[in-house]
Amino acid sequence: MSIKKIKIVKKEQDTDVKVKTFSKTGDYAFIPEKLKKFCVPMFSIKLDPSNPRKNDEAAKEVAKLIQKNGFRKPIVVDQNRIIRAGNTVYKSARILGMKFIPIAESDFEETEAITYEISDNKANDYSDWDDDILRVLIKNYSLDSKENASASGLTDKCLNKLLIIKKEQQAKHIMELAVTCENEEMVQTLFNELTNRGYVCRVISL
């Protein structure tokens, strides 16, 4: 079994310069400065009533992440200002009382709009976490601290699961193989050969 070695170098930050990335109050609350030029009033766009995702509960959790990390990317709307990607974060923005929201407007034919909306929701289903890299990031950036865990969305359940998986990977796996031999000579020959290869063997008489 091969062991994957992962090295992630943490860059040292300039402690003398503190960048204010976004404000939590005002008309552009949670919007970083460079995204303000893409912003429109919240009331000028609308949810797609046919969106098949159930995301009301998810929006409450995402709102907590926006409070910590800011609203970092535009949502996608069509030429009629109907949301085609970002329904959940739009609901989160409403929960937070945001007045403006960044958008990327694109023209869609009717079928294109629906297929794009579904494909955007399906995209996450095709990927998974690399637990080894995630554990390194957690260690290097102290993501298991209360503040960092809440900002990244890592729950105690998730962190504990990662720890359990690591312990299971480190544990020695024991497998048994039973071989039936026709005579004692064959038993002795096979026993000696496997023992010399480093296997732990035992003889069972039936």
# chains A, B, ... in the order shown; residues from 1 in each chain; ligands from 1
call {"tool": "select_by_dssp", "arguments": {"residues": "region 53-149 of chain A", "states": "strand (DSSP E or B)", "output": "list in words"}}
result
Ile75, Val76, Val77, Ile82, Ile83, Arg84, Ala85, Phe100, Ile101, Pro102, Ile103, Ala104 and Glu105 of chain A
call {"tool": "closest_atom_pairs", "arguments": {"of": "region 92-201 of chain A", "to": "region 30-51 of chain A", "cutoff": "10 Å", "atoms": "only C-alpha atoms", "output": "tab-separated table"}}
result
residue	atom	partner	partner_atom	distance
A:Ala93	CA	A:Met42	CA	8.5
A:Arg94	CA	A:Met42	CA	8.1
A:Leu96	CA	A:Phe30	CA	9.3
A:Gly97	CA	A:Met42	CA	9.4
A:Met98	CA	A:Met42	CA	7.3
A:Lys99	CA	A:Met42	CA	5.5
A:Phe100	CA	A:Pro41	CA	4.5
A:Ile101	CA	A:Cys39	CA	4.9
A:Pro102	CA	A:Cys39	CA	3.9
A:Ile103	CA	A:Phe38	CA	5.8
A:Ala104	CA	A:Phe38	CA	7.3
A:Glu105	CA	A:Phe38	CA	9.6
A:Ile114	CA	A:Asn51	CA	8.5
A:Glu117	CA	A:Asn51	CA	7.8
A:Ile118	CA	A:Asn51	CA	8.2
A:Asn121	CA	A:Asn51	CA	9.8
call {"tool": "atom_distance", "arguments": {"atom1": "CA of Ala151 (chain A)", "atom2": "CA of Phe22 (chain A)"}}
result
14.8 Å
call {"tool": "select_by_dssp", "arguments": {"residues": "region 96-144 of chain A", "states": "helix (DSSP H, G or I)", "output": "list in words"}}
result
Glu110, Thr111, Glu112, Ala113, Ile114, Thr115, Tyr116, Glu117, Ile118, Ser119, Asp120, Asn121, Lys122, Ala123, Asn124, Asp125, Tyr126, Asp131, Asp132, Ile133, Leu134, Arg135, Val136, Leu137, Ile138, Lys139 and Asn140 of chain A
call {"tool": "closest_residue", "arguments": {"among": "A:Ala123, A:Val136, A:Val62, A:Ile204", "to": "Val187 (chain A)", "atoms": "only C-alpha atoms"}}
result
A:Ile204
call {"tool": "residues_around", "arguments": {"residues": "Asp56 (chain A)", "least_positions_apart": "3", "cutoff": "10 Å", "atoms": "only C-alpha atoms", "output": "number ranges by chain"}}
result
A: 53, 59-61, 87-88, 91-92
call {"tool": "write_last_selection", "arguments": {"atoms": "N, CA and C atoms", "output": "PDB file, in the first residue's frame"}}
result
ATOM      1  N   ARG A  53     -34.032  22.857  -6.484  1.00  0.00           N
ATOM      2  CA  ARG A  53     -33.269  22.616  -5.267  1.00  0.00           C
ATOM      3  C   ARG A  53     -34.036  23.077  -4.029  1.00  0.00           C
ATOM      4  N   ALA A  59     -29.557  27.855   3.049  1.00  0.00           N
ATOM      5  CA  ALA A  59     -29.341  29.308   2.988  1.00  0.00           C
ATOM      6  C   ALA A  59     -29.012  29.869   4.368  1.00  0.00           C
ATOM      7  N   LYS A  60     -29.596  29.309   5.406  1.00  0.00           N
ATOM      8  CA  LYS A  60     -29.321  29.776   6.760  1.00  0.00           C
ATOM      9  C   LYS A  60     -27.865  29.505   7.134  1.00  0.00           C
ATOM     10  N   GLU A  61     -27.353  28.345   6.727  1.00  0.00           N
ATOM     11  CA  GLU A  61     -25.962  28.004   7.035  1.00  0.00           C
ATOM     12  C   GLU A  61     -25.001  28.822   6.181  1.00  0.00           C
ATOM     13  N   ASN A  87     -29.105  30.705  -6.358  1.00  0.00           N
ATOM     14  CA  ASN A  87     -30.355  30.877  -5.610  1.00  0.00           C
ATOM     15  C   ASN A  87     -30.135  30.796  -4.099  1.00  0.00           C
ATOM     16  N   THR A  88     -29.271  29.868  -3.682  1.00  0.00           N
ATOM     17  CA  THR A  88     -29.046  29.688  -2.241  1.00  0.00           C
ATOM     18  C   THR A  88     -28.387  30.911  -1.624  1.00  0.00           C
ATOM     19  N   LYS A  91     -30.749  33.839  -1.285  1.00  0.00           N
ATOM     20  CA  LYS A  91     -31.591  33.713  -0.097  1.00  0.00           C
ATOM     21  C   LYS A  91     -30.793  34.059   1.164  1.00  0.00           C
ATOM     22  N   SER A  92     -29.521  33.673   1.176  1.00  0.00           N
ATOM     23  CA  SER A  92     -28.657  34.005   2.311  1.00  0.00           C
ATOM     24  C   SER A  92     -28.488  35.517   2.424  1.00  0.00           C
TER      25      SER A  92
END
call {"tool": "atom_distance", "arguments": {"atom1": "CA of Lys24 (chain A)", "atom2": "CA of Leu134 (chain A)"}}
result
28.8 Å
call {"tool": "residues_around", "arguments": {"residues": "Leu154 (chain A)", "least_positions_apart": "2", "cutoff": "12 Å", "atoms": "only C-alpha atoms", "output": "number ranges by chain"}}
result
A: 61, 65, 134-135, 137-138, 142-152, 156-162
call {"tool": "closest_residue", "arguments": {"among": "A:Thr25, A:Asn140, A:Gln67, A:Gln79", "to": "Ile95 (chain A)", "atoms": "only C-alpha atoms"}}
result
A:Gln67
call {"tool": "atom_distance", "arguments": {"atom1": "CA of Tyr90 (chain A)", "atom2": "CA of Ile66 (chain A)"}}
result
10.9 Å
call {"tool": "residues_around", "arguments": {"residues": "Ala113 (chain A)", "least_positions_apart": "5", "cutoff": "12 Å", "atoms": "only C-alpha atoms", "output": "mmCIF file with C-alpha atoms, in the first residue's frame"}}
result
data_model
loop_
_atom_site.group_PDB
_atom_site.id
_atom_site.type_symbol
_atom_site.label_atom_id
_atom_site.label_comp_id
_atom_site.auth_asym_id
_atom_site.auth_seq_id
_atom_site.Cartn_x
_atom_site.Cartn_y
_atom_site.Cartn_z
ATOM 1 C CA ASP A 48 -36.398 31.160 -10.409
ATOM 2 C CA SER A 50 -38.996 26.454 -10.958
ATOM 3 C CA ASN A 51 -35.613 25.917 -9.285
ATOM 4 C CA VAL A 76 -25.489 34.394 -12.563
ATOM 5 C CA VAL A 77 -28.712 35.917 -13.903
ATOM 6 C CA ASP A 78 -30.329 35.822 -17.335
ATOM 7 C CA GLN A 79 -31.386 38.751 -19.495
ATOM 8 C CA ASN A 80 -34.590 39.024 -17.444
ATOM 9 C CA ARG A 81 -32.619 39.183 -14.191
ATOM 10 C CA ILE A 82 -33.840 35.730 -13.116
ATOM 11 C CA ILE A 83 -31.203 33.852 -11.106
ATOM 12 C CA ARG A 84 -29.709 30.865 -12.941
ATOM 13 C CA ALA A 85 -26.860 30.105 -10.525
ATOM 14 C CA GLU A 105 -25.618 38.747 -16.515
ATOM 15 C CA SER A 106 -25.788 36.382 -19.485
ATOM 16 C CA ASP A 107 -28.265 35.755 -22.296
ATOM 17 C CA PHE A 108 -29.982 32.364 -22.336
ATOM 18 C CA ILE A 118 -29.499 22.174 -13.263
ATOM 19 C CA SER A 119 -25.888 21.600 -14.370
ATOM 20 C CA ASP A 120 -24.651 24.219 -11.905
#
